[in-house]
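> Contents of upload_21.cif (mmCIF, C-alpha atoms):
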```cif
data_query
loop_
_atom_site.label_atom_id
_atom_site.label_comp_id
_atom_site.auth_asym_id
_atom_site.auth_seq_id
_atom_site.Cartn_x
_atom_site.Cartn_y
_atom_site.Cartn_z
CA MET A 300 130.48 70.74 -124.01
CA THR A 301 133.42 68.37 -123.67
CA ALA A 302 133.47 65.32 -125.88
CA SER A 303 133.04 61.98 -124.17
CA PRO A 304 134.42 58.56 -125.04
CA ALA A 305 130.99 57.67 -126.40
CA THR A 306 131.37 60.30 -129.10
CA PRO A 307 133.49 59.40 -132.15
CA PRO A 308 136.55 61.57 -132.63
CA ALA A 309 135.67 62.47 -136.21
CA ALA A 310 132.01 62.84 -137.12
CA SER A 311 130.77 63.93 -140.53
CA PRO A 312 130.44 67.65 -141.27
CA ALA A 313 126.66 67.37 -141.17
CA ALA A 314 126.81 65.67 -137.80
CA ARG A 315 129.28 68.22 -136.44
CA GLY A 316 127.02 71.05 -137.56
CA ALA A 317 123.78 69.73 -136.10
CA ALA A 318 124.69 67.18 -133.45
CA PRO A 319 126.80 68.49 -130.56
CA SER A 320 128.88 66.07 -128.52
CA VAL A 321 126.61 64.06 -126.24
CA THR A 322 127.52 61.81 -123.35
CA ALA A 323 125.74 58.55 -122.61
CA ALA A 324 124.43 60.03 -119.36
CA GLU A 325 122.73 62.86 -121.28
CA LEU A 326 120.93 60.62 -123.76
CA PRO A 327 117.83 59.86 -121.63
CA ARG A 328 117.18 63.57 -121.06
CA ILE A 329 117.70 64.40 -124.74
CA GLN A 330 115.48 61.49 -125.80
CA ARG A 331 112.66 62.66 -123.50
CA ARG A 332 112.90 66.17 -124.92
CA ILE A 333 112.95 64.99 -128.52
CA SER A 334 109.98 62.68 -127.89
CA ALA A 335 108.01 65.56 -126.36
CA VAL A 336 108.75 67.81 -129.36
CA LEU A 337 107.82 65.07 -131.83
CA MET A 338 104.58 64.35 -129.98
CA ALA A 339 103.65 68.04 -130.00
CA GLY A 340 104.47 68.20 -133.71
CA GLN A 341 102.38 65.10 -134.34
CA MET A 342 99.41 66.59 -132.52
CA LEU A 343 99.59 69.62 -134.80
CA GLY A 344 100.62 67.89 -138.02
CA GLY A 345 98.14 65.10 -137.44
CA LEU A 346 95.40 67.72 -137.18
CA GLY A 347 96.15 69.35 -140.52
CA VAL A 348 95.38 66.36 -142.73
CA PRO A 349 92.01 65.21 -141.27
CA ILE A 350 90.71 68.77 -141.01
CA SER A 351 90.64 69.01 -144.80
CA ILE A 352 90.77 65.52 -146.29
CA ALA A 353 87.14 64.85 -145.34
CA LEU A 354 86.00 67.54 -147.78
CA ALA A 355 88.39 66.59 -150.60
CA PRO A 356 85.79 64.40 -152.39
CA VAL A 357 83.21 67.20 -152.11
CA LEU A 358 85.66 69.69 -153.56
CA ALA A 359 86.54 67.32 -156.40
CA THR A 360 82.84 66.93 -157.24
CA GLU A 361 82.29 70.70 -157.24
CA ILE A 362 85.26 71.37 -159.53
CA SER A 363 84.77 68.45 -161.93
CA GLY A 364 80.97 68.62 -161.99
CA THR A 365 80.56 64.86 -161.52
CA GLU A 366 80.58 62.48 -158.56
CA ALA A 367 82.39 59.92 -160.71
CA LEU A 368 85.65 61.79 -160.07
CA SER A 369 85.07 62.48 -156.38
CA GLY A 370 87.43 59.74 -155.18
CA PHE A 371 90.34 60.98 -157.27
CA ALA A 372 91.22 63.74 -154.80
CA SER A 373 91.89 61.35 -151.92
CA THR A 374 93.66 58.95 -154.29
CA ALA A 375 95.96 61.75 -155.44
CA ALA A 376 96.86 62.48 -151.81
CA VAL A 377 97.69 58.82 -151.18
CA ILE A 378 99.82 58.67 -154.33
CA GLY A 379 101.60 61.86 -153.29
CA THR A 380 102.31 60.42 -149.84
CA ALA A 381 103.89 57.35 -151.44
CA LEU A 382 105.87 59.17 -154.13
CA VAL A 383 107.40 61.73 -151.79
CA SER A 384 108.56 59.09 -149.27
CA LEU A 385 111.82 58.29 -151.06
CA PRO A 386 112.86 61.91 -151.81
CA LEU A 387 112.20 62.84 -148.18
CA ALA A 388 114.16 59.77 -147.07
CA ALA A 389 117.07 60.84 -149.31
CA LEU A 390 117.00 64.33 -147.81
CA THR A 391 116.78 62.89 -144.29
CA THR A 392 119.70 60.58 -145.02
CA ALA A 393 121.83 63.49 -146.22
CA ARG A 394 120.74 66.27 -143.85
CA GLY A 395 118.97 64.71 -140.86
CA ARG A 396 115.45 64.30 -139.51
CA ARG A 397 114.73 67.99 -139.13
CA ALA A 398 115.42 68.72 -142.80
CA GLY A 399 113.23 65.83 -143.98
CA LEU A 400 110.30 66.72 -141.73
CA LEU A 401 110.46 70.43 -142.58
CA ALA A 402 110.52 69.64 -146.31
CA GLY A 403 107.47 67.39 -145.96
CA TYR A 404 105.42 70.04 -144.20
CA ALA A 405 106.64 72.76 -146.60
CA ILE A 406 105.52 70.73 -149.63
CA GLY A 407 102.22 69.98 -147.86
CA THR A 408 101.70 73.71 -147.30
CA LEU A 409 102.37 74.38 -150.98
CA GLY A 410 99.87 71.65 -151.84
CA ALA A 411 97.22 73.22 -149.63
CA GLY A 412 97.75 76.53 -151.43
CA LEU A 413 97.42 74.87 -154.84
CA VAL A 414 94.16 73.23 -153.75
CA VAL A 415 92.73 76.60 -152.71
CA LEU A 416 93.84 78.09 -156.04
CA ALA A 417 92.31 75.15 -157.92
CA ALA A 418 89.00 75.71 -156.13
CA SER A 419 89.07 79.40 -157.02
CA VAL A 420 89.79 78.88 -160.74
CA LYS A 421 87.84 75.57 -161.02
CA SER A 422 90.81 73.58 -162.35
CA PHE A 423 90.62 69.82 -161.78
CA PRO A 424 94.22 69.07 -162.94
CA LEU A 425 95.51 71.73 -160.55
CA LEU A 426 93.44 70.14 -157.77
CA MET A 427 95.09 66.76 -158.45
CA LEU A 428 98.56 68.36 -158.37
CA GLY A 429 97.72 70.17 -155.14
CA MET A 430 96.36 67.04 -153.46
CA ALA A 431 99.47 65.06 -154.46
CA ALA A 432 101.70 67.73 -152.89
CA PHE A 433 99.37 67.87 -149.89
CA GLY A 434 100.17 64.19 -149.31
CA ALA A 435 103.76 65.13 -148.41
CA ALA A 436 102.51 66.30 -145.01
CA SER A 437 101.14 62.80 -144.38
CA SER A 438 104.54 61.40 -145.27
CA ALA A 439 106.15 63.73 -142.72
CA ASN A 440 103.63 62.61 -140.10
CA LEU A 441 104.60 59.00 -140.76
CA GLN A 442 108.35 59.68 -140.68
CA ALA A 443 108.06 61.29 -137.23
CA ARG A 444 107.57 57.87 -135.60
CA PHE A 445 111.00 56.78 -136.80
CA ALA A 446 112.61 59.98 -135.51
CA ALA A 447 111.45 59.00 -132.03
CA ALA A 448 113.43 55.75 -132.29
CA ASP A 449 116.77 57.26 -133.34
CA LEU A 450 118.11 57.75 -129.81
CA ALA A 451 115.87 55.33 -127.94
CA ALA A 452 117.46 52.34 -126.21
CA PRO A 453 116.74 49.12 -128.14
CA ASP A 454 114.49 47.78 -125.37
CA ARG A 455 112.41 50.98 -125.42
CA ARG A 456 112.27 51.61 -129.17
CA ALA A 457 108.73 50.32 -129.69
CA ARG A 458 107.43 52.46 -126.83
CA ALA A 459 109.13 55.54 -128.28
CA ILE A 460 107.48 54.88 -131.65
CA SER A 461 104.11 54.14 -130.05
CA LEU A 462 103.99 57.43 -128.15
CA VAL A 463 104.34 59.41 -131.39
CA VAL A 464 101.65 57.25 -133.01
CA TRP A 465 99.44 57.85 -129.95
CA ALA A 466 99.87 61.62 -130.32
CA SER A 467 98.08 61.33 -133.68
CA THR A 468 94.86 60.54 -131.78
CA ILE A 469 94.11 64.19 -131.12
CA GLY A 470 94.29 65.23 -134.76
CA ALA A 471 92.50 62.11 -136.00
CA VAL A 472 89.56 62.72 -133.66
CA LEU A 473 89.36 66.53 -133.75
CA GLY A 474 90.24 67.09 -137.41
CA PRO A 475 87.02 65.88 -139.08
CA ASN A 476 84.93 67.77 -136.49
CA LEU A 477 86.71 71.02 -137.37
CA SER A 478 85.97 70.72 -141.09
CA ALA A 479 82.60 72.49 -140.81
CA PRO A 480 83.88 75.47 -138.75
CA ALA A 481 86.87 75.77 -141.11
CA SER A 482 84.49 75.93 -144.07
CA ASP A 483 82.12 78.40 -142.39
CA SER A 484 85.00 80.73 -141.53
CA PHE A 485 85.32 81.61 -145.24
CA ALA A 486 81.64 82.27 -145.88
CA GLY A 487 81.21 85.46 -147.87
CA THR A 488 84.86 85.58 -148.99
CA SER A 489 86.43 84.97 -152.39
CA ILE A 490 87.69 81.57 -151.21
CA PRO A 491 85.14 78.77 -151.76
CA GLN A 492 83.92 77.39 -148.44
CA THR A 493 84.85 73.82 -149.36
CA ALA A 494 88.46 75.00 -149.78
CA GLY A 495 88.50 76.76 -146.41
CA PRO A 496 89.79 73.74 -144.47
CA PHE A 497 92.86 73.64 -146.72
CA VAL A 498 93.73 77.20 -145.68
CA TRP A 499 93.57 76.05 -142.07
CA ALA A 500 95.62 72.95 -142.90
CA GLY A 501 98.33 75.05 -144.54
CA ALA A 502 98.53 77.26 -141.45
CA VAL A 503 98.77 74.17 -139.24
CA PHE A 504 101.64 72.80 -141.35
CA VAL A 505 103.50 76.11 -141.06
CA LEU A 506 103.11 76.00 -137.27
CA THR A 507 104.27 72.38 -137.17
CA GLY A 508 107.34 73.09 -139.30
CA THR A 509 108.22 76.10 -137.16
CA LEU A 510 107.90 74.06 -133.97
CA LEU A 511 110.15 71.28 -135.27
CA GLY A 512 112.64 73.65 -136.86
CA VAL A 513 113.15 75.54 -133.61
CA LEU A 514 112.88 72.79 -130.99
CA LEU A 515 113.99 69.53 -132.63
CA ARG A 516 117.60 70.03 -131.56
CA PRO A 517 119.95 68.27 -131.55
CA ASP A 518 118.86 66.42 -134.66
CA PRO A 519 118.16 62.86 -133.44
CA LEU A 520 119.40 61.06 -136.56
CA LEU A 521 122.64 63.02 -136.83
CA THR A 522 123.26 62.61 -133.11
CA ALA A 523 122.70 58.85 -133.35
CA ARG A 524 125.11 58.73 -136.28
CA ALA A 525 127.76 60.67 -134.40
CA LEU A 526 127.47 58.24 -131.47
CA ALA A 527 127.56 55.17 -133.68
CA GLY A 528 131.25 55.46 -134.54
CA PRO A 529 133.35 56.29 -137.61
CA GLY A 530 132.38 53.03 -139.33
CA GLU A 531 128.84 54.34 -139.81
CA GLU A 532 129.90 57.52 -141.59
CA SER A 533 130.27 56.20 -145.16
CA ARG A 534 128.11 58.12 -147.62
CA GLN A 535 127.74 54.98 -149.71
CA GLY A 536 126.41 53.18 -146.66
CA ARG A 537 123.67 55.80 -146.30
CA SER A 538 122.40 55.75 -149.90
CA LEU A 539 118.94 54.54 -150.94
CA ARG A 540 120.61 51.70 -152.82
CA ALA A 541 122.35 50.69 -149.59
CA GLY A 542 118.99 50.81 -147.82
CA LEU A 543 117.47 48.41 -150.36
CA ALA A 544 120.51 46.14 -150.00
CA ALA A 545 120.09 46.21 -146.22
CA VAL A 546 116.51 44.97 -146.50
CA LYS A 547 117.52 42.22 -148.94
CA ALA A 548 120.26 41.10 -146.56
CA SER A 549 118.07 40.93 -143.45
CA PRO A 550 115.21 38.39 -143.10
CA ARG A 551 113.90 40.34 -140.10
CA ALA A 552 113.84 43.58 -142.11
CA ARG A 553 111.88 41.83 -144.86
CA LEU A 554 109.36 40.60 -142.29
CA ALA A 555 109.08 44.10 -140.81
CA LEU A 556 108.49 45.64 -144.25
CA LEU A 557 105.82 43.05 -145.05
CA THR A 558 104.15 43.50 -141.65
CA VAL A 559 103.78 47.25 -142.02
CA ALA A 560 102.57 47.01 -145.64
CA VAL A 561 100.08 44.16 -145.08
CA SER A 562 98.68 45.56 -141.82
CA HIS A 563 98.10 48.95 -143.44
CA THR A 564 96.66 47.52 -146.67
CA THR A 565 94.26 45.19 -144.84
CA MET A 566 93.08 48.02 -142.62
CA VAL A 567 92.57 50.52 -145.45
CA SER A 568 90.84 48.02 -147.78
CA ILE A 569 88.22 47.04 -145.20
CA MET A 570 87.80 50.45 -143.59
CA VAL A 571 87.08 52.42 -146.78
CA MET A 572 84.16 50.16 -147.72
CA THR A 573 82.64 49.83 -144.24
CA PRO A 574 80.56 53.05 -144.45
CA VAL A 575 79.11 51.77 -147.73
CA ASP A 576 78.19 48.42 -146.17
CA LEU A 577 76.68 50.10 -143.12
CA GLY A 578 74.60 52.29 -145.41
CA HIS A 579 73.34 49.21 -147.25
CA HIS A 580 72.07 47.92 -143.90
CA GLY A 581 70.23 51.10 -142.91
CA ALA A 582 72.86 52.88 -140.82
CA GLY A 583 72.64 56.67 -140.77
CA LEU A 584 75.53 59.11 -140.90
CA LYS A 585 75.61 59.45 -137.11
CA LEU A 586 76.04 55.71 -136.61
CA VAL A 587 78.66 55.52 -139.38
CA GLY A 588 80.54 58.33 -137.65
CA LEU A 589 80.48 56.49 -134.33
CA VAL A 590 81.78 53.27 -135.91
CA ILE A 591 84.63 55.10 -137.65
CA SER A 592 85.44 57.00 -134.44
CA GLY A 593 85.74 53.68 -132.61
CA HIS A 594 88.01 52.44 -135.38
CA ILE A 595 90.24 55.51 -135.06
CA ALA A 596 90.40 55.01 -131.28
CA GLY A 597 91.58 51.45 -131.89
CA MET A 598 94.26 52.69 -134.28
CA PHE A 599 95.84 55.33 -132.09
CA ALA A 600 94.63 55.39 -128.49
CA PHE A 601 96.11 52.01 -127.51
CA SER A 602 99.42 52.28 -129.36
CA PRO A 603 101.41 52.77 -126.09
CA VAL A 604 100.09 49.37 -124.96
CA MET A 605 101.33 47.84 -128.22
CA GLY A 606 104.71 49.52 -127.76
CA TRP A 607 105.04 48.18 -124.22
CA LEU A 608 104.10 44.68 -125.38
CA ALA A 609 106.56 44.81 -128.29
CA ASP A 610 109.38 45.80 -125.93
CA ARG A 611 108.47 43.30 -123.21
CA LEU A 612 107.29 40.28 -125.20
CA GLY A 613 109.21 40.92 -128.41
CA ARG A 614 108.44 42.17 -131.92
CA PHE A 615 107.53 38.73 -133.29
CA SER A 616 104.93 38.15 -130.57
CA VAL A 617 103.15 41.43 -131.33
CA ILE A 618 103.30 40.77 -135.07
CA GLY A 619 101.46 37.52 -134.30
CA LEU A 620 98.99 39.50 -132.21
CA ALA A 621 98.46 41.87 -135.14
CA ALA A 622 97.69 38.97 -137.47
CA GLY A 623 95.22 37.53 -134.95
CA LEU A 624 93.44 40.83 -134.28
CA LEU A 625 93.15 41.71 -137.98
CA SER A 626 91.83 38.23 -138.80
CA LEU A 627 89.22 38.43 -136.03
CA ALA A 628 88.26 41.92 -137.20
CA ALA A 629 87.70 40.64 -140.76
CA LEU A 630 85.61 37.76 -139.42
CA LEU A 631 83.38 40.00 -137.29
CA ALA A 632 82.95 42.76 -139.86
CA GLY A 633 82.50 40.37 -142.79
CA THR A 634 79.75 38.35 -141.09
CA ALA A 635 77.93 41.24 -139.38
CA ALA A 636 75.17 41.35 -142.03
CA GLY A 637 73.44 44.36 -140.54
CA ASN A 638 74.40 43.77 -136.90
CA HIS A 639 75.80 47.24 -136.26
CA ALA A 640 77.27 46.38 -132.87
CA GLN A 641 79.24 43.54 -134.46
CA SER A 642 80.42 45.86 -137.22
CA ALA A 643 81.59 48.38 -134.63
CA ALA A 644 83.48 45.68 -132.73
CA GLY A 645 85.09 44.47 -135.95
CA LEU A 646 86.22 47.98 -136.92
CA PHE A 647 87.61 48.63 -133.44
CA LEU A 648 89.67 45.43 -133.63
CA LEU A 649 90.73 46.39 -137.16
CA GLY A 650 92.25 49.58 -135.76
CA LEU A 651 93.82 47.71 -132.84
CA GLY A 652 95.41 45.18 -135.20
CA TRP A 653 96.76 47.98 -137.38
CA SER A 654 98.33 49.56 -134.29
CA ALA A 655 100.00 46.28 -133.29
CA GLY A 656 101.38 45.73 -136.79
CA MET A 657 102.52 49.32 -137.30
CA VAL A 658 104.32 49.67 -133.95
CA SER A 659 105.96 46.22 -133.89
CA GLY A 660 106.85 46.30 -137.59
CA SER A 661 108.38 49.79 -137.37
CA ALA A 662 110.43 48.82 -134.30
CA LEU A 663 111.64 45.58 -135.90
CA LEU A 664 112.61 47.43 -139.08
CA THR A 665 114.71 49.89 -137.06
CA ASP A 666 116.30 47.03 -135.12
CA SER A 667 117.18 45.01 -138.20
CA VAL A 668 119.26 47.30 -140.41
CA PRO A 669 122.55 49.18 -139.84
CA GLN A 670 122.19 52.63 -138.33
CA ALA A 671 123.59 54.29 -141.47
CA ALA A 672 120.91 52.76 -143.71
CA ARG A 673 117.91 53.30 -141.42
CA ALA A 674 116.54 56.53 -142.89
CA ALA A 675 116.63 55.08 -146.41
CA VAL A 676 115.00 51.83 -145.30
CA GLN A 677 112.31 53.71 -143.39
CA GLY A 678 111.49 55.77 -146.47
CA LEU A 679 111.27 52.57 -148.51
CA SER A 680 108.90 51.17 -145.88
CA ASP A 681 106.54 54.14 -146.13
CA LEU A 682 106.64 54.02 -149.94
CA THR A 683 105.75 50.32 -149.93
CA MET A 684 103.06 50.75 -147.29
CA ASN A 685 101.27 53.63 -149.01
CA ALA A 686 101.57 52.19 -152.53
CA ALA A 687 100.14 48.86 -151.37
CA ALA A 688 97.33 50.58 -149.48
CA GLY A 689 96.53 52.72 -152.53
CA VAL A 690 96.15 49.62 -154.68
CA GLY A 691 94.19 47.88 -151.92
CA GLY A 692 91.81 50.79 -151.46
CA ALA A 693 91.14 51.00 -155.19
CA ALA A 694 90.66 47.23 -155.51
CA ALA A 695 88.34 47.17 -152.50
CA GLY A 696 85.62 48.94 -154.45
CA LEU A 697 85.84 46.40 -157.27
CA VAL A 698 85.68 43.43 -154.87
CA MET A 699 82.77 45.04 -153.02
CA SER A 700 80.79 45.67 -156.21
CA ARG A 701 81.44 42.22 -157.69
CA ALA A 702 81.38 39.92 -154.66
CA GLY A 703 80.19 41.90 -151.63
CA TYR A 704 81.54 43.11 -148.31
CA GLY A 705 81.90 39.63 -146.82
CA TRP A 706 84.26 38.53 -149.58
CA LEU A 707 86.21 41.78 -149.24
CA ASN A 708 86.91 40.88 -145.61
CA ALA A 709 87.87 37.36 -146.64
CA VAL A 710 90.40 38.75 -149.11
CA GLY A 711 91.73 41.08 -146.40
CA ALA A 712 92.19 38.13 -144.05
CA ALA A 713 93.92 36.13 -146.81
CA LEU A 714 96.51 38.89 -147.16
CA LEU A 715 97.58 38.14 -143.58
CA LEU A 716 98.57 34.54 -144.29
CA PRO A 717 101.98 35.29 -145.90
CA MET A 718 102.76 37.72 -143.08
CA ALA A 719 101.92 35.17 -140.37
CA ALA A 720 103.83 32.39 -142.16
CA LEU A 721 106.92 34.55 -142.63
CA ALA A 722 106.77 35.66 -138.97
CA LEU A 723 106.76 32.03 -137.79
CA PHE A 724 109.58 31.07 -140.15
CA THR A 725 111.72 34.10 -139.23
CA ALA A 726 111.14 33.65 -135.50
CA ARG A 727 112.47 30.11 -135.73
CA ARG A 728 115.37 30.70 -138.10
CA HIS A 729 116.49 34.18 -137.00
CA PRO A 730 115.51 34.76 -133.34
CA THR A 731 116.84 37.80 -131.50
CA ALA A 732 116.40 39.28 -128.05
CA ALA A 733 114.37 42.17 -129.52
CA GLY A 734 112.37 40.08 -131.93
CA ARG A 735 111.71 36.95 -129.88
#
```
Please express what this file holds, its structure, as structure tokens.

Amino acid sequence: MTASPATPPAASPAARGAAPSVTAAELPRIQRRISAVLMAGQMLGGLGVPISIALAPVLATEISGTEALSGFASTAAVIGTALVSLPLAALTTARGRRAGLLAGYAIGTLGAGLVVLAASVKSFPLLMLGMAAFGAASSANLQARFAAADLAAPDRRARAISLVVWASTIGAVLGPNLSAPASDSFAGTSIPQTAGPFVWAGAVFVLTGTLLGVLLRPDPLLTARALAGPGEESRQGRSLRAGLAAVKASPRARLALLTVAVSHTTMVSIMVMTPVDLGHHGAGLKLVGLVISGHIAGMFAFSPVMGWLADRLGRFSVIGLAAGLLSLAALLAGTAAGNHAQSAAGLFLLGLGWSAGMVSGSALLTDSVPQAARAAVQGLSDLTMNAAAGVGGAAAGLVMSRAGYGWLNAVGAALLLPMAALALFTARRHPTAAGR
């Protein structure tokens, strides 16, 4: 293919090897193809985590012999997701999106294998190690949304991100329902039934990695870099240190980072304790399942709407919408006091607010830093988001036990105040066409 004026005359070796010359006229077609591949990968990858994570506490109880340690398995996965974010970002920065995503799913597959081995030999430390590695697949799932934005036009970036988030709906809904068949499929074998879903998850991650490795071409990040011009090719400009400096230098990037972290932490902190509160007010497992399903629908099913709004009305407007929806969700859920319909409405709005914050915050973060530093900044975002949510989820149990579910929701709403205040301040002092 003949090089066009839009392509820099001297791209980096990595870009030359993985990103062929692309003309501006070809970008829409390539972007549609890449989005389709990422969505297919997200449907598969998003299925692998829920199919097994539901049984992680049960497996931890079986191996440790006590329910007191049941929550450690899920916590280890969250910690693993956070810790692997920066190494995957460094790999992505050096080698492109495909390398980072493949590494995430490969480590997740290894983690699934370690979990199965831990179940077979009854080793709790090995289970913790396996669950931490398993969390790398979640990190890859999260990074896929940023890959969709690499070649998207600035006024369509939020929609590109939102479509990949939306694709997670299938896995989020189907995954937990496949846990029982995945367990039953290993009845009578040497593999414990509670570890069966992790075998399935490992197979799903292998399929996802294969799909992305074969079809995610050209690499969207390397192609975007090649089109950005020689000034974006500095290795120093693509380091993790440069990514941190880019966030420090950009008020809009700081707002985006805070939006993603606070939205996710508020959602996780309230959501994890809702089944407990519903149980205290007489709700059975079926009703709890329905409430959580509604919450998941709010998180993923309406993300394209949030992407459209963020592109049409601006990132700041949808960040404000996220703060309003999450506050209303906390009010409804925290004052339900046994009104299950009100709890369900609160949890649905909690998911909807998370979607607004995640999509608008991710788009604003991509808008606000130099192209060369984006992969590093995006990895920092996922590290911050998951670390904050891990602390929030752990603290939620303490607040619930000491003060009750109502106060937990009040604390969740209070977390939104700095985000809303910073959004108002940044919108006034640093307005942009994308962020208006």
> Residues at most 9 Å from Leu627 (chain A), counting all atoms listed in the file, excluding those fewer than 3 positions away in the same chain, as an MDAnalysis selection string?
chainID A and resid 622:624 630:632 645 648:649 712
> CA of Met572 (chain A) and CA of Ala432 (chain A) are how many Å apart?
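Result for CA of Met572 (chain A) versus CA of Ala432 (chain A): 25.4 Å, one decimal.
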> Go through A:Gly705, A:Gly613, A:Pro480, A:Gly692 one by one, measure the shortest atom-to-atom distance of each to Gly660 (chain A) using only C-alpha atoms, and give the residue with the smallest value.
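Among A:Gly705, A:Gly613, A:Pro480, A:Gly692, it is A:Gly613 that comes nearest to Gly660 (chain A).
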> Running the PyMOL selection byres ((chain A and resi 663-672) around 9) on this model by hand, what would come out? Give it as a ChimeraX atom specification.
/A:392,445,448-449,453,456-457,523-524,527,531-534,536-539,541-543,545-546,548-556,614-615,658-662,673-677,680,733-734
> Considering all atoms listed in the file, tabulate each residue of region 445-470 of chain A that lies at most 12 Å from region 349-356 of chain A along with its nearest interatomic pair and the corresponding distance in Å to one decimal; arrange the rows by chain and ascending residue number and present them as CSV.

```
residue,atom,partner,partner_atom,distance
A:Ser467,CA,A:Pro349,CA,10.5
A:Thr468,CA,A:Pro349,CA,11.0
A:Ile469,CA,A:Pro349,CA,10.4
A:Gly470,CA,A:Pro349,CA,6.9
```
> Go through A:Ala686, A:Val463, A:Ala695, A:Leu520 one by one, measure the shortest atom-to-atom distance of each to Ser654 (chain A) using all atoms listed in the file, and give the residue with the smallest value.
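Closest to Ser654 (chain A) of all the choices is A:Val463.
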> I need the residue nearest Ala709 (chain A) from this list: A:Leu679, A:Ala447, A:Ala644, A:Ile569. Use all atoms listed in the file for the distance.
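Ranking A:Leu679, A:Ala447, A:Ala644, A:Ile569 by distance to Ala709 (chain A), first place goes to A:Ile569.
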> I'd like the residues picked by the PyMOL selection byres ((chain A and resi 715) around 9) written out as a PyMOL selection string, using the chain letters and numbers from the file.
chain A and resi 558+561-562+565+622-623+625-626+711-714+716-720
> To one decimal in Å, tell me the separation between CA of Ala471 (chain A) and CA of Leu416 (chain A).
25.7 Å
> As a check of understanding, name the residues that the PyMOL selection byres ((chain A and resi 430) around 9) selects in the supplied structure, as a compact mmCIF listing (two decimals) with C-alpha atoms, in the frame of the given file.

```
# COMPACT_ATOMS: atom_id res chain seq x y z
CA ALA A 355 88.39 66.59 -150.60
CA ALA A 372 91.22 63.74 -154.80
CA SER A 373 91.89 61.35 -151.92
CA THR A 374 93.66 58.95 -154.29
CA ALA A 375 95.96 61.75 -155.44
CA ALA A 376 96.86 62.48 -151.81
CA VAL A 377 97.69 58.82 -151.18
CA GLY A 379 101.60 61.86 -153.29
CA GLY A 407 102.22 69.98 -147.86
CA GLY A 410 99.87 71.65 -151.84
CA ALA A 411 97.22 73.22 -149.63
CA LEU A 413 97.42 74.87 -154.84
CA VAL A 414 94.16 73.23 -153.75
CA LEU A 425 95.51 71.73 -160.55
CA LEU A 426 93.44 70.14 -157.77
CA MET A 427 95.09 66.76 -158.45
CA LEU A 428 98.56 68.36 -158.37
CA GLY A 429 97.72 70.17 -155.14
CA ALA A 431 99.47 65.06 -154.46
CA ALA A 432 101.70 67.73 -152.89
CA PHE A 433 99.37 67.87 -149.89
CA GLY A 434 100.17 64.19 -149.31
```
> What's the separation between CA of Gly581 (chain A) and CA of Phe647 (chain A), in Å to one decimal place?
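Here the two named atoms are 19.9 Å from each other.
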> Would you kindly return, as an MDAnalysis selection string, each protein, DNA or RNA residue with an atom no farther than 12 Å from any atom of Leu441 (chain A), considering all atoms listed in the file and excluding same-chain residues fewer than 4 positions away?
chainID A and resid 337 340:341 344:345 348 380:381 383:384 387:388 399:400 403:404 434:437 445:447 460:461 463:464 466:467 559 657:658 661 677:678 680:682 684:685
> May I have the residues within 9 Å of region 515-517 of chain A as a PDB file with C-alpha atoms, in the frame of the given file, using only C-alpha atoms and disregarding those fewer than 2 positions away in the same chain?

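The file below, result12.pdb, is the result:
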```pdb
ATOM      1  CA  ALA A 317     123.780  69.730-136.100  1.00  0.00           C
ATOM      2  CA  ALA A 318     124.690  67.180-133.450  1.00  0.00           C
ATOM      3  CA  PRO A 319     126.800  68.490-130.560  1.00  0.00           C
ATOM      4  CA  ILE A 329     117.700  64.400-124.740  1.00  0.00           C
ATOM      5  CA  ARG A 332     112.900  66.170-124.920  1.00  0.00           C
ATOM      6  CA  ILE A 333     112.950  64.990-128.520  1.00  0.00           C
ATOM      7  CA  VAL A 336     108.750  67.810-129.360  1.00  0.00           C
ATOM      8  CA  LEU A 337     107.820  65.070-131.830  1.00  0.00           C
ATOM      9  CA  ARG A 396     115.450  64.300-139.510  1.00  0.00           C
ATOM     10  CA  ARG A 397     114.730  67.990-139.130  1.00  0.00           C
ATOM     11  CA  LEU A 510     107.900  74.060-133.970  1.00  0.00           C
ATOM     12  CA  LEU A 511     110.150  71.280-135.270  1.00  0.00           C
ATOM     13  CA  GLY A 512     112.640  73.650-136.860  1.00  0.00           C
ATOM     14  CA  VAL A 513     113.150  75.540-133.610  1.00  0.00           C
ATOM     15  CA  PRO A 519     118.160  62.860-133.440  1.00  0.00           C
ATOM     16  CA  LEU A 520     119.400  61.060-136.560  1.00  0.00           C
ATOM     17  CA  LEU A 521     122.640  63.020-136.830  1.00  0.00           C
ATOM     18  CA  THR A 522     123.260  62.610-133.110  1.00  0.00           C
TER      19      THR A 522
END
```
> I want to know what sits within 12 Å of Ser616 (chain A), based on all atoms listed in the file, with residues of the same chain fewer than 4 positions away left out; could you give that as a list in words?
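Surrounding residues, per the criterion: Met605, Gly606, Trp607, Leu608, Ala609, Asp610, Arg611, Leu612, Leu620, Ala621, Ala622, Gly623, Ala655, Gly656, Ser659, Gly660, Leu663, Ala719, Ala722, Leu723, Thr725, Ala726, Pro730, Thr731, Ala732, Ala733, Gly734 and Arg735 of chain A.
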> Using all atoms listed in the file, can you tell me which of A:Val710, A:Leu651, A:Val567, A:Leu326 comes closest to Ala693 (chain A)?
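When distances to Ala693 (chain A) are compared using all atoms listed in the file, the smallest one comes from A:Val567.
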